Amino acid sequence: MTRIKILLGLLLPALAGAAAPKHDLYVVAAINNGFVVGSKMVTLSGLFQRGADDTYSHFGLNFPYLTSLAVDPRDPKVLYAASINGVLCTTDGGQTWRIGTGWDMTEPKDVVLDPNAPDHIYLALPDGLAVSADRGRTWPRRENGLPERGKYTQAVRVDRTRAGRVFAACESGIYLTEDGAGYWRRVFASTATVTDLRQSPHDPGLWLATTQSDGALVSRDGGLTWKKFAGVLSAEAHYNVCFDATNPRRFAIGGWTYGVLVTEDGGETWTARNAGLPAEHCVFRIGLDPDSGRLYAAVYKDALFASDDFGRTWRKEGLEGSVVYNFIFVPKTAN
Amino acid sequence: MKAPTLCLSILALLAVATLSAQPSFLAPAPSGAVVEQADLRRAAYEARIAEVLAWRASLAKPGELLGDMAIIAAKLARHEDADLCSRSVIELMKEPGSGPFWMFPAVNVAFLGRGQLTPAAQQAIRDAWRKGMQIRGDTENHWAMYYTSLYLMSQLYPDEPGASWYTGKSSAENLAEARDYLIHWMDLATTVGQGEFNPTHYIGEYAIPMLYLAVWAQDPAMRIRGQMKLDWLLADLAENTLNGVLHGANARTDDTSVIERWNALASFFSWIAFGNTPPPAAYGGWGTYFATAAQGYQVPEVIYRIAVDRDGDYLQRDLKRTRRRWRNSDVLMAPIYKQNYTRRDYAVGSYQGGMADPIQTHVWDVTWAMPDPRGVHNTMFSMHPVSSGYDMQTYFTELPDQMTKGVTKEGKASYDSPDKFLGGSRFEQVFQDLDTVIALYDIPAGTRFPHVNGFFSKDLVNLTVDPSGWIFAQGGRAYLAYRPLAGFELKSIARIQSSWTGERADTGDKILYSPHLKNGTIVQAASMDEFKDFAAFQAAIRALPLEFKLEPVPTVRFTTLRGKAVVCTYGVAPVVNGQPVDFTKWKLFEGPYLNAEKGSRKLTLTHGRLERVLDFNTLTITDRVHPN
C-alpha cells in the first residue's frame, strides 16, 4: 500500500491543475555571506520549507554546509541530509540528528532514496558512492565498476520504475547500475563533471543531464544512450536541469554563465530567459514546481526568484543572500 | 567554500592587542646564542610561556565578563579568577561556536577548568557539545583540530549516549572514530609525508592539538602519539628555519608571510620552543592556546639544537604530499619533493612546482638572514599567478564558477588578483640544486593571468639591471642574481597587505612583470663572504655558462656557481651533470638532521652526538647520546 501511495505521489503531478499543491517544497540553502569555518553564524542556513504564502521557514539545524536532502516517503520526519560532515540522519523531523557516516566519508553532494525500496539510500561522494540498506545506520561503499579516478559524484538519481536502477553523475561520465549498486557501467563518457540527471515525470524512458564540458544531454531509451542537445552551448558549465510536470515539452536548465535556458518544444529549440533576473544572472540552481509549473531560479548570493510564465518574467521570492543547493519537492501524499 | 584561515576574531584581537604588554615582541631580537644548560633552557621556555599567559590574562576588562576563550584559558592556566572564568564560560556557552576553531579552545578551557570551574560552568561546556552541530571542515588542519577535540571531550565525558552529543553518537563511538582518524592521519604523515607541510600559520592548527593529546589523552598510546607528532612538527619547523624564521616552500601561507617571512604564527613556535626569534604580535593569536598547556611539554634538546646550533651549510630533502585531489588528477594525493639548502646568511627552498594547495601554496624562494627580521621583506622568488575554477575544482568539491570570486571574501583576498605573490601553478616546474633555482613556465594561451610575477623586495640594496640580462641585488649578507628568461617590466606595486581585507599599500616593493607564456627564472645566491665585493660576484655570474630557449618549450642549460651542469626542459626530468634527477628515490627525510625512510613511520633526529628516534610502529621515543 505504501508503495502505491509513493508511486501515485510521483505520478500525480502530471495531472496537476490549479488545485491545492500536492507537494511540499524543501529548499537546501545557505545564507552566510562572509561566513567561514570558525566565525560566528549570524544567519539561518540549512533546510527551509515553503509555506502556503510562499514564505520560507527554516527548520532543523542551523548549518551552512548542507547540500541535499532526502525525505522518507513513508515518514516525512525521517530525513537524510548531505553535509560537509557526511550524511546527517534524523527521525524526528530535524529535532535531533546523527552523523550517519564516519571520518572516511566527507562532503557528499547528494543523497537520494529509492522510492521502490526506501530503505536503500544512495550517497554521492567526492570519491565515489555509498549505499545504506539499513535506513542510514551504515554506509558501505558500492563502487564496483566505477573507475579508481574519475568517480567524483555530483548527483544520484533512481529510476522510479524499477528498484535498484540508479544513475550516478560523475566526473568521468554517467554510470548506471541495475542491481542496486552491485555493479556500475558507464553509459556516457564526459571530460568533466556531469552535474545533474533527471527522469521525466511524463515518460520514464526520457532522461536529461547537464554537464560542465558537454552541454546538456538527453536520453530517450531509459538512460542507455545519450546525445547532446544541439541548441545548448557547451563552452561553459550547466548546473542542473528540470522537467515541467505540467507540460511534457518544457525543460529548463540553470547555470552560472548562461543563466536560465528553457525549451518548450521538447528540446528542439532553447531560449535564454534571464530578463528580470539580476544583471549578473549567476544561477546556482533552478527548480520547477510539479504542481504549478512555477520556475525557480536561485541567483548566487542574491535571492530566490520565481516565474509563473516559464521565465518570461521573474519576481524576487525571498531567501535573500542565499546560495541554494537544492530544491526538493516531496509529495504531500507522504505526509 | 569552506577553506578557512585564521578566524576573524583573532584578527580583531590583533588589532586591539596591547603591544606594550608583549615584551618579547618589542624587545631587541634574540641573540641566537645557544643555551647549553638544560635547566636554563627550561627556565627560559617557562618564562616565555608565562609571558604569553600574563599578556593574554591582562586583556581582561575590569568589571566585565571575559568574552574571549583565550583569556579564560590563560587565567585558568594561571589559576586565577576561577569564579569570573566560570561566569564567563556560562555566558559564552549560550552560543557555542561552529567548528574546529571553537572546539579546541573549548577543550582547552574544559581541561584547564577541571577543579577550577564551577559545576555549572563545566555543565555549560558539556551542553554546548550537545546543542550545536559542529562543522568538521574540509582540510587536514580542520580535521586535526576537530577529531582531537572530539577525542578529548569524549574521553572527558565517557559512557554517555548519542543523545548527549551533537554527533548523535555515543562517547565510545566518538572516541573510536576520532582515534581512527588521528591514527590514519599520522600514518599518512609518517609514511608518505605531511599534507599541509611547513605552513606559516597552520602549524598552530596541528601543533596545538598534538600538544593537547600529549598532555591530556588518557590512553598512553594516544598520549605518546601526540608527543611524537608534536616533536615531528617542531623538528620539521626547526630544520626549515633561518634564525627562527620559516623559509622556503610552504604548502600554505598568506599574503603577509610570503613576503615578510618572519611575520607568521610559525615564528611564535620558534620563539616559544627555541627562543631564537621575536614572537609575532599577540603571539600570533593562537599562541595562547599552546602556552596554556605548554608546561606539559619538554622541547627535546636535539630539536632545540637543530634550530639554533648549526655549524655549517646543509641540504635537507623531504617527501611531502598535496592536498586531496578530488578531480582532474590520476592520484588522490600527489607526492611533493621538497628541499631546503641552508647557510648562515641565506637559505634556498623549493618543491618541484605545481600545487600543494590551490590557493595559498608557496613553491620556492631565497630568504636571507637578518639580525632582526621584523618588518623586513627578506625574500626573492617568481611565480605564475593562477585564478582558475579548474584548479579549484581539483581540490574542492564545488561547482566551477563561484569559487574564484567567492574565495576572495574568505581570507584569500589576493586569489583573483593578477599581481599577487601567493600561490602555485600547474604551469610552473621548479628545479633546485643547492643555492640555484631554475623555474620554468609554459602557460597555455587563454589562461587567466598569462604572465609571471617576480618579487623584488624593498629591502634589496644595489639592485642592478645588468646588460647581460641578469638582475643583481644584495639582501642582507646574501648576493642575489636573478635571470628572467623573457621580457619584463620592473615596477612599483601597491601590494596586497592582508589576506582578509585585501588592503593594498605601496611598501616600496617591486614586481617583475613578465607577460610571456613561455618563460622562466634563474636565481643564483651566494654569500658576501665568498667574493671580494659585489662586482666580483656579478662578474662570476656573468661568466657562468648559460644557454636557453623558450620554444617549443622552455629549456635551460646552465652551469651553476657551484659547478653543476644543469639541463632543465619543461616537462622533462632535470639533468644534473648528465644524470636525470630521479625523484622517486627520495626518502621521507634525508639530511644531516632529519632522516626517515619512505613508509617507515620512524623519524630519526640527529644533532652532533644527540639522537632521538620517534617510532610510530612501536610508539616509542628513544634518546641516545653517541660517543664522540
# chains A, B, ... in the order shown; residues from 1 in each chain; ligands from 1

call {"tool": "closest_atom_pairs", "arguments": {"of": "chain B", "to": "chain A", "cutoff": "8 Å", "atoms": "only C-alpha atoms", "output": "CSV"}}
result
residue,atom,partner,partner_atom,distance
B:Met1,CA,A:Val36,CA,7.9
B:Lys2,CA,A:Val36,CA,6.0
B:Ala3,CA,A:Val36,CA,7.4
B:Pro4,CA,A:Val36,CA,5.9
B:Cys7,CA,A:Gly38,CA,5.9
B:Leu8,CA,A:Ser39,CA,6.6
B:Ser9,CA,A:Ser39,CA,7.5
B:Gly97,CA,A:Lys40,CA,6.2
B:Ser98,CA,A:Gly38,CA,5.8
B:Gly99,CA,A:Gly38,CA,5.5
B:Pro100,CA,A:Gly38,CA,6.7
B:Phe101,CA,A:Gly38,CA,4.9
B:Trp102,CA,A:Gly38,CA,6.2
B:Met133,CA,A:Phe63,CA,7.3
B:Ile135,CA,A:Asn85,CA,6.5
B:Arg136,CA,A:Asn85,CA,5.6
B:Gly137,CA,A:Ile84,CA,6.7
B:Asp138,CA,A:Ile84,CA,7.4
B:Gly162,CA,A:Arg98,CA,7.9
B:Ala163,CA,A:Thr96,CA,7.9
B:Tyr166,CA,A:Trp97,CA,7.4
B:Thr167,CA,A:Arg98,CA,5.3
B:Gly168,CA,A:Arg98,CA,4.0
B:Lys169,CA,A:Arg98,CA,6.6
B:Glu177,CA,A:Trp103,CA,6.6
B:Ala178,CA,A:Trp103,CA,7.8
B:Tyr181,CA,A:Trp103,CA,6.3
B:Trp326,CA,A:Pro126,CA,6.1
B:Arg327,CA,A:Gly150,CA,6.5
B:Asn328,CA,A:Gly150,CA,7.7
B:Ser329,CA,A:Arg149,CA,7.4
B:Asp330,CA,A:Arg149,CA,6.1
B:Val331,CA,A:Arg149,CA,7.2
B:Thr397,CA,A:Pro126,CA,6.4
B:Leu399,CA,A:Tyr239,CA,7.8
B:Pro400,CA,A:Ala237,CA,7.5
B:Asp401,CA,A:Trp256,CA,6.8
B:Lys409,CA,A:Gly34,CA,6.4
B:Glu410,CA,A:Val36,CA,6.4

call {"tool": "write_last_selection", "arguments": {"atoms": "N, CA and C atoms", "output": "compact mmCIF listing (two decimals), in the first residue's frame"}}
result
# COMPACT_ATOMS: atom_id res chain seq x y z
N MET B 1 32.74 28.28 -0.23
CA MET B 1 33.81 27.34 0.01
C MET B 1 34.19 27.38 1.48
N LYS B 2 34.77 26.30 1.90
CA LYS B 2 34.93 26.15 3.34
C LYS B 2 36.34 26.42 3.83
N ALA B 3 37.28 26.47 2.90
CA ALA B 3 38.65 26.56 3.36
C ALA B 3 38.88 27.85 4.13
N PRO B 4 39.25 27.79 5.39
CA PRO B 4 39.45 28.99 6.18
C PRO B 4 40.92 29.28 6.44
N CYS B 7 40.84 32.79 12.11
CA CYS B 7 39.48 33.30 12.17
C CYS B 7 39.47 34.79 12.47
N LEU B 8 38.34 35.38 12.14
CA LEU B 8 38.23 36.82 12.22
C LEU B 8 38.45 37.35 13.63
N SER B 9 38.05 36.54 14.59
CA SER B 9 38.20 37.01 15.96
C SER B 9 39.66 37.23 16.32
N GLY B 97 30.28 27.97 19.34
CA GLY B 97 30.80 28.23 18.02
C GLY B 97 30.46 27.12 17.05
N SER B 98 31.10 27.17 15.90
CA SER B 98 30.59 26.34 14.80
C SER B 98 31.66 25.48 14.13
N GLY B 99 32.65 25.07 14.84
CA GLY B 99 33.61 24.23 14.16
C GLY B 99 34.91 24.09 14.93
N PRO B 100 35.92 23.58 14.28
CA PRO B 100 37.15 23.24 14.99
C PRO B 100 37.84 24.43 15.65
N PHE B 101 37.64 25.62 15.10
CA PHE B 101 38.29 26.79 15.71
C PHE B 101 37.61 27.19 17.01
N TRP B 102 36.41 26.73 17.21
CA TRP B 102 35.76 26.88 18.51
C TRP B 102 36.02 25.65 19.39
N MET B 133 25.58 21.54 16.15
CA MET B 133 26.29 20.67 15.21
C MET B 133 27.60 21.36 14.81
N ILE B 135 30.97 21.95 12.72
CA ILE B 135 31.38 21.77 11.33
C ILE B 135 32.75 21.10 11.31
N ARG B 136 32.84 19.99 10.63
CA ARG B 136 34.11 19.26 10.61
C ARG B 136 35.15 19.95 9.72
N GLY B 137 34.66 20.66 8.70
CA GLY B 137 35.58 21.35 7.80
C GLY B 137 36.03 20.46 6.66
N ASP B 138 36.96 20.99 5.87
CA ASP B 138 37.35 20.26 4.67
C ASP B 138 38.87 20.23 4.45
N GLY B 162 24.37 8.72 22.64
CA GLY B 162 24.41 9.57 21.46
C GLY B 162 23.56 10.83 21.61
N ALA B 163 22.48 10.72 22.35
CA ALA B 163 21.60 11.88 22.50
C ALA B 163 22.29 13.04 23.22
N TYR B 166 26.38 16.24 19.90
CA TYR B 166 25.88 16.79 18.63
C TYR B 166 26.01 15.78 17.50
N THR B 167 26.92 14.85 17.61
CA THR B 167 27.11 13.85 16.56
C THR B 167 25.98 12.83 16.52
N GLY B 168 25.24 12.72 17.63
CA GLY B 168 24.26 11.65 17.75
C GLY B 168 24.89 10.31 18.06
N LYS B 169 26.18 10.32 18.28
CA LYS B 169 26.91 9.09 18.57
C LYS B 169 27.35 9.09 20.03
N GLU B 177 35.91 6.84 16.54
CA GLU B 177 36.04 7.49 15.23
C GLU B 177 37.20 8.48 15.23
N ALA B 178 37.28 9.26 16.31
CA ALA B 178 38.36 10.25 16.40
C ALA B 178 39.72 9.56 16.44
N TYR B 181 40.63 8.22 12.98
CA TYR B 181 41.09 9.24 12.03
C TYR B 181 42.48 9.74 12.40
N TRP B 326 40.27 15.84 -5.62
CA TRP B 326 39.01 15.13 -5.87
C TRP B 326 38.82 14.85 -7.35
N ARG B 327 39.33 15.74 -8.18
CA ARG B 327 39.12 15.62 -9.63
C ARG B 327 40.39 16.02 -10.36
N ASN B 328 40.35 15.83 -11.67
CA ASN B 328 41.40 16.33 -12.56
C ASN B 328 42.77 15.77 -12.24
N SER B 329 42.84 14.57 -11.72
CA SER B 329 44.14 14.02 -11.33
C SER B 329 44.08 12.50 -11.34
N ASP B 330 45.22 11.92 -11.66
CA ASP B 330 45.31 10.45 -11.63
C ASP B 330 45.52 9.92 -10.22
N VAL B 331 45.84 10.81 -9.30
CA VAL B 331 46.12 10.36 -7.93
C VAL B 331 45.35 11.23 -6.95
N THR B 397 35.19 20.38 -3.54
CA THR B 397 34.02 19.67 -4.06
C THR B 397 32.94 20.68 -4.43
N LEU B 399 31.08 23.51 -7.44
CA LEU B 399 30.82 23.81 -8.85
C LEU B 399 31.89 24.79 -9.35
N PRO B 400 32.02 24.94 -10.66
CA PRO B 400 33.26 25.54 -11.17
C PRO B 400 33.38 27.06 -11.08
N ASP B 401 32.28 27.77 -10.94
CA ASP B 401 32.38 29.20 -11.25
C ASP B 401 32.49 30.13 -10.06
N LYS B 409 36.56 36.55 -0.57
CA LYS B 409 35.84 37.08 0.60
C LYS B 409 36.08 36.21 1.83
N GLU B 410 36.89 35.20 1.68
CA GLU B 410 37.04 34.22 2.76
C GLU B 410 38.50 34.12 3.22

call {"tool": "residues_around", "arguments": {"residues": "A:Ala163", "least_positions_apart": "2", "cutoff": "12 Å", "atoms": "only C-alpha atoms", "output": "ChimeraX atom specification"}}
result
/A:3,7,113-121,157-161,165-167,177-181

call {"tool": "select_by_dssp", "arguments": {"residues": "stretch 31-190 of chain A", "states": "strand (DSSP E)", "output": "JSON list (two decimals) with C-alpha atoms, in the first residue's frame"}}
result
[["chain", "number", "residue", "atom", "x", "y", "z"],
["A", 46, "GLY", "CA", 20.26, 24.66, 6.16],
["A", 47, "LEU", "CA", 16.72, 23.49, 5.50],
["A", 48, "PHE", "CA", 13.79, 25.72, 4.60],
["A", 49, "GLN", "CA", 10.21, 24.77, 3.87],
["A", 50, "ARG", "CA", 7.91, 26.78, 1.66],
["A", 56, "TYR", "CA", 10.23, 30.09, 3.64],
["A", 57, "SER", "CA", 10.64, 28.83, 7.17],
["A", 58, "HIS", "CA", 13.86, 27.45, 8.48],
["A", 59, "PHE", "CA", 13.74, 24.18, 10.38],
["A", 60, "GLY", "CA", 16.21, 21.76, 11.87],
["A", 61, "LEU", "CA", 19.87, 22.56, 12.11],
["A", 62, "ASN", "CA", 21.34, 25.95, 11.52],
["A", 66, "LEU", "CA", 24.06, 21.17, 3.72],
["A", 67, "THR", "CA", 23.80, 20.35, 0.03],
["A", 68, "SER", "CA", 20.91, 17.97, -0.45],
["A", 69, "LEU", "CA", 18.02, 16.32, 1.31],
["A", 70, "ALA", "CA", 16.09, 13.08, 1.01],
["A", 71, "VAL", "CA", 12.75, 12.51, 2.71],
["A", 79, "LEU", "CA", 15.26, 12.90, 6.69],
["A", 80, "TYR", "CA", 18.74, 12.40, 5.30],
["A", 81, "ALA", "CA", 20.85, 15.46, 4.58],
["A", 82, "ALA", "CA", 24.09, 15.54, 2.67],
["A", 83, "SER", "CA", 26.52, 17.80, 4.50],
["A", 86, "GLY", "CA", 28.85, 13.41, 5.93],
["A", 87, "VAL", "CA", 25.23, 12.33, 5.86],
["A", 88, "LEU", "CA", 23.04, 13.57, 8.69],
["A", 89, "CYS", "CA", 20.04, 11.50, 9.70],
["A", 90, "THR", "CA", 17.00, 12.44, 11.71],
["A", 98, "ARG", "CA", 23.01, 11.68, 13.96],
["A", 99, "ILE", "CA", 26.01, 11.83, 11.68],
["A", 110, "ASP", "CA", 23.67, 14.34, -2.98],
["A", 111, "VAL", "CA", 21.52, 11.84, -1.12],
["A", 112, "VAL", "CA", 18.60, 10.01, -2.70],
["A", 113, "LEU", "CA", 16.11, 7.34, -1.63],
["A", 114, "ASP", "CA", 14.94, 4.58, -3.88],
["A", 117, "ALA", "CA", 12.95, 0.36, -1.91],
["A", 118, "PRO", "CA", 13.04, 3.27, 0.52],
["A", 119, "ASP", "CA", 15.37, 1.59, 2.97],
["A", 120, "HIS", "CA", 18.03, 1.97, 0.26],
["A", 121, "ILE", "CA", 19.65, 5.36, 0.28],
["A", 122, "TYR", "CA", 22.32, 6.41, -2.21],
["A", 123, "LEU", "CA", 25.03, 8.87, -1.29],
["A", 124, "ALA", "CA", 27.09, 10.76, -3.88],
["A", 125, "LEU", "CA", 30.60, 11.30, -2.59],
["A", 128, "GLY", "CA", 32.64, 7.58, -5.12],
["A", 129, "LEU", "CA", 29.35, 6.24, -3.87],
["A", 130, "ALA", "CA", 27.92, 4.67, -0.76],
["A", 131, "VAL", "CA", 24.61, 2.94, -0.21],
["A", 132, "SER", "CA", 22.80, 2.40, 3.04],
["A", 153, "THR", "CA", 29.92, 12.02, -7.95],
["A", 154, "GLN", "CA", 27.79, 15.13, -8.05],
["A", 155, "ALA", "CA", 24.32, 13.59, -8.24],
["A", 156, "VAL", "CA", 22.47, 10.29, -7.97],
["A", 157, "ARG", "CA", 19.06, 9.55, -9.43],
["A", 158, "VAL", "CA", 16.90, 6.47, -9.07],
["A", 166, "VAL", "CA", 20.20, 4.08, -10.46],
["A", 167, "PHE", "CA", 22.29, 6.64, -12.34],
["A", 168, "ALA", "CA", 25.34, 8.42, -10.99],
["A", 169, "ALA", "CA", 26.58, 11.73, -12.38],
["A", 170, "CYS", "CA", 30.34, 11.51, -12.08],
["A", 173, "GLY", "CA", 30.56, 10.40, -17.11],
["A", 174, "ILE", "CA", 27.19, 8.88, -16.35],
["A", 175, "TYR", "CA", 27.15, 5.46, -14.72],
["A", 176, "LEU", "CA", 24.22, 3.09, -14.45],
["A", 177, "THR", "CA", 23.56, 0.26, -12.06],
["A", 184, "TRP", "CA", 28.14, 0.20, -12.30],
["A", 185, "ARG", "CA", 28.74, 0.64, -16.00],
["A", 186, "ARG", "CA", 29.40, 3.82, -17.88],
["A", 187, "VAL", "CA", 26.71, 4.85, -20.31],
["A", 188, "PHE", "CA", 28.17, 8.25, -21.19],
["A", 189, "ALA", "CA", 31.77, 9.44, -21.10]]

call {"tool": "residues_around", "arguments": {"residues": "B:Trp55", "least_positions_apart": "4", "cutoff": "8 Å", "atoms": "only C-alpha atoms", "output": "JSON, numbers by chain"}}
result
{"B": [21, 22, 51, 59]}

call {"tool": "select_by_dssp", "arguments": {"residues": "stretch 476-571 of chain B", "states": "helix (DSSP H, G or I)", "output": "list of chain:residue names"}}
result
B:Met528, B:Asp529, B:Glu530, B:Phe534, B:Ala535, B:Ala536, B:Phe537, B:Gln538, B:Ala539, B:Ala540, B:Ile541, B:Arg542

call {"tool": "residues_around", "arguments": {"residues": "B:Phe488", "least_positions_apart": "3", "cutoff": "7 Å", "atoms": "only C-alpha atoms", "output": "list in words"}}
result
Leu512, Tyr513, Ser514 and Pro515 of chain B

call {"tool": "atom_distance", "arguments": {"atom1": "atom CA of B:Val258", "atom2": "atom CA of B:Tyr304"}}
result
24.6 Å

call {"tool": "closest_residue", "arguments": {"among": "A:Asp244, A:Gln199, A:Glu268, A:Ala252", "to": "A:Gly231", "atoms": "only C-alpha atoms"}}
result
A:Glu268

call {"tool": "residues_around", "arguments": {"residues": "stretch 197-203 of chain B", "least_positions_apart": "3", "cutoff": "6 Å", "atoms": "only C-alpha atoms", "output": "ChimeraX atom specification"}}
result
/B:194,206-207,250-253,264-266

call {"tool": "closest_residue", "arguments": {"among": "A:Gly164, A:Gly93, A:Gly223, A:Pro278", "to": "A:Pro204", "atoms": "only C-alpha atoms"}}
result
A:Gly223

call {"tool": "residues_around", "arguments": {"residues": "B:Gly353", "least_positions_apart": "5", "cutoff": "9 Å", "atoms": "only C-alpha atoms", "output": "number ranges by chain"}}
result
B: 336, 363-364, 424-431, 439

call {"tool": "write_last_selection", "arguments": {"atoms": "N, CA and C atoms", "output": "short mmCIF file (atom, residue, chain, number, x, y, z; two decimals), in the first residue's frame"}}
result
data_model
loop_
_atom_site.label_atom_id
_atom_site.label_comp_id
_atom_site.auth_asym_id
_atom_site.auth_seq_id
_atom_site.Cartn_x
_atom_site.Cartn_y
_atom_site.Cartn_z
N ILE B 336 55.13 15.41 -3.17
CA ILE B 336 55.85 16.69 -3.24
C ILE B 336 57.30 16.41 -2.85
N VAL B 363 55.98 28.07 -3.63
CA VAL B 363 56.77 26.98 -4.20
C VAL B 363 58.26 27.14 -3.93
N TRP B 364 58.78 28.33 -4.05
CA TRP B 364 60.23 28.47 -3.85
C TRP B 364 60.60 29.89 -3.47
N GLY B 424 50.65 28.76 -6.36
CA GLY B 424 51.44 27.99 -7.30
C GLY B 424 50.69 27.80 -8.59
N SER B 425 51.29 27.07 -9.50
CA SER B 425 50.69 26.91 -10.82
C SER B 425 51.03 25.55 -11.39
N ARG B 426 50.05 24.99 -12.08
CA ARG B 426 50.32 23.75 -12.82
C ARG B 426 51.32 23.98 -13.94
N PHE B 427 51.51 25.23 -14.29
CA PHE B 427 52.34 25.55 -15.44
C PHE B 427 53.73 26.04 -15.03
N GLU B 428 54.10 25.70 -13.82
CA GLU B 428 55.44 26.03 -13.33
C GLU B 428 56.16 24.74 -12.97
N GLN B 429 57.41 24.62 -13.38
CA GLN B 429 58.25 23.50 -12.96
C GLN B 429 59.54 24.06 -12.38
N VAL B 430 59.88 23.57 -11.22
CA VAL B 430 60.99 24.17 -10.47
C VAL B 430 62.06 23.12 -10.21
N PHE B 431 63.27 23.53 -10.44
CA PHE B 431 64.42 22.70 -10.12
C PHE B 431 65.33 23.49 -9.19
N ALA B 439 63.22 28.04 -12.47
CA ALA B 439 61.76 27.89 -12.55
C ALA B 439 61.35 28.14 -14.00
#
